[in-house]
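> Please find one structure pasted underneath; my questions will follow.
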Amino acid sequence: MPASPVSLCARTPRVAAERLVGEMVPPPRFDSVRFDTYVPDPNQPSQAEAVTVLSTFAAGLGGTTDTTRGSRRWFGRKPAAQAGPRGVYLDGGYGVGKTHLLASLWHATPAAPEQKAFGTFVELTNLVGALGFQQTVQTLGGHRLLCIDEFELDDPGDTVLVSSLLSRLVEAGVALAATSNTLPGKLGEGRFAAADFMREIQGLSARFRPLRIDGEDYRHRGLPQAPAPLTTEQVTRAAHATEAASLDDFPSLLAHLATVHPSRYGALTEGLRAACFTDVGPVPDQSTALRLVVLADRLYDREIPVLASGLPFDRLFGEEMLNGGYRKKYFRAISRLTALARDAKGLLAE
């Protein structure tokens, strides 16, 4: 008989900086993805073109690399400056397979895992917070490739920080690849008014070759509408019947997230086979909403199905949030939580 469910509210994980670096690999959901497992939509030629461009980009990152104390040497010399952008930027809507392609690029790049890094934008900024700027430059400067998923500049400080970091890494010879829902030259529009920040963003956009990927959200392609919320009794019964499930009152969980740094949300969900929430309701404010977005990303990355009672996920965020500067994050969270709710269907029969 399964053990009693755990409570995420009872977890306060501590994560060493070394673990943050070691875990900069594609998440479990994307362990086995490759370019040949990506299925382009025949009605969207940009998807097949992206596979071709990225395959060529990966092949071009081969070569002999000797890493000593975090600095790279190609045949004993610093890498020659390359003309043009030193990275690719995958632009497209939700669920067109950008992360699949980014992880495929990581897998296809001919370098040892310790010479490649993969993380979300939030994880990258958290790494800088844990190691410090100079140590992050030294650590990642010895890499051949840095992949940044869900690249979004949410505040002016991050704008300057990431622009400076990536500039230093490009100078060290690191190739860059990133995903976002906004073209590089459009980053920050609708969020910042200061010309100084726009100048930082424009300088950053020059580091990448934009690669547009059109298409509809594959999570909704030919699939039914989001499942209706369950009853509290159904969620509780499934939590007790599922090995390694969590069970939390949603308002209490939102309050607990404020006490855990977002860099630790992955550790917060470690070992879970299902996440069960009761009494799901509207998210009260933007700070709470952004923390929930990070949790949704970590649950999705780790393929942890979600069972919930209360409001459906498409009513989590109010109209003001969905029309504001962070709307893309919120729509992504809704899309991912909906997919995880579909994944949880089989647990109701267990």
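By order in the structure tokens, chains are A, B, ...; within a chain, residues start at 1; ligands start at 1, following the order shown.
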If we count only C-alpha atoms and set the cut-off at 7 Å, which residues sit around range 115-122 of chain A, ignoring sequence neighbours fewer than 4 positions away in its own chain? Please answer as a list in words.

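The neighbour list is Met24, Val25, Pro26, Trp106, Ala111, Asn126, Gly142, His143, Arg144, Leu145, Leu146, Cys147, Ile148, Asp149, Glu150, Phe151 and Glu152 of chain A.
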
> What are the nearest atom pairs, with distances in Å to one decimal, for all residues of range 30-59 of chain A that come at most 10 Å from range 83-100 of chain A, using only C-alpha atoms, set out by chain and rising residue number as a Markdown table?


```
| residue | atom | partner | partner_atom | distance |
| --- | --- | --- | --- | --- |
| A:Phe30 | CA | A:His100 | CA | 6.6 |
| A:Asp31 | CA | A:His100 | CA | 9.7 |
| A:Ser32 | CA | A:His100 | CA | 9.7 |
| A:Val33 | CA | A:His100 | CA | 6.4 |
| A:Arg34 | CA | A:His100 | CA | 7.6 |
| A:Phe35 | CA | A:His100 | CA | 8.2 |
| A:Thr37 | CA | A:His100 | CA | 8.9 |
| A:Tyr38 | CA | A:His100 | CA | 7.2 |
| A:Val39 | CA | A:Gly97 | CA | 9.0 |
| A:Pro40 | CA | A:Gly97 | CA | 8.9 |
| A:Asp41 | CA | A:Val96 | CA | 9.1 |
| A:Gln47 | CA | A:Val96 | CA | 8.3 |
| A:Ala50 | CA | A:Leu90 | CA | 8.3 |
| A:Val53 | CA | A:Val88 | CA | 9.2 |
| A:Leu54 | CA | A:Val88 | CA | 8.1 |
| A:Phe57 | CA | A:Val88 | CA | 8.4 |
```

> For each of A:Ile334, A:Ala112, A:Val294, A:Ala177, take the minimum atom-to-atom distance to Leu322 in chain A, counting only C-alpha atoms, then give the residue where this is smallest.

A:Ile334

> Counting only C-alpha atoms, figure out which residue out of A:Arg212, A:Arg336, A:Lys345, A:Arg273 gets nearest to Asp314 in chain A.

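Looking only at the distances to Asp314 in chain A, the closest residue turns out to be A:Arg336.
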
> Skipping near chain neighbours, those fewer than 3 positions away, what residues fall within 9 Å of Ala344 in chain A using only C-alpha atoms, listed as a ChimeraX atom specification?

/A:274,304-307,339-341,347-348

> Give me, as a list in words, all polymer residues having an atom no more than 9 Å from Gln234 in chain A, counting only C-alpha atoms and skipping those fewer than 3 positions away in the same chain.

Leu230, Thr231, Arg237, Ala238, Ala239, Leu307, Ala308, Ser309 and Leu348 of chain A

> Which of these residues is nearest to Glu216 in chain A, using only C-alpha atoms: A:Val128, A:Gly22, A:Gln44, A:Val15?

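Going through A:Val128, A:Gly22, A:Gln44, A:Val15 one by one, the smallest distance to Glu216 in chain A is for A:Gln44.
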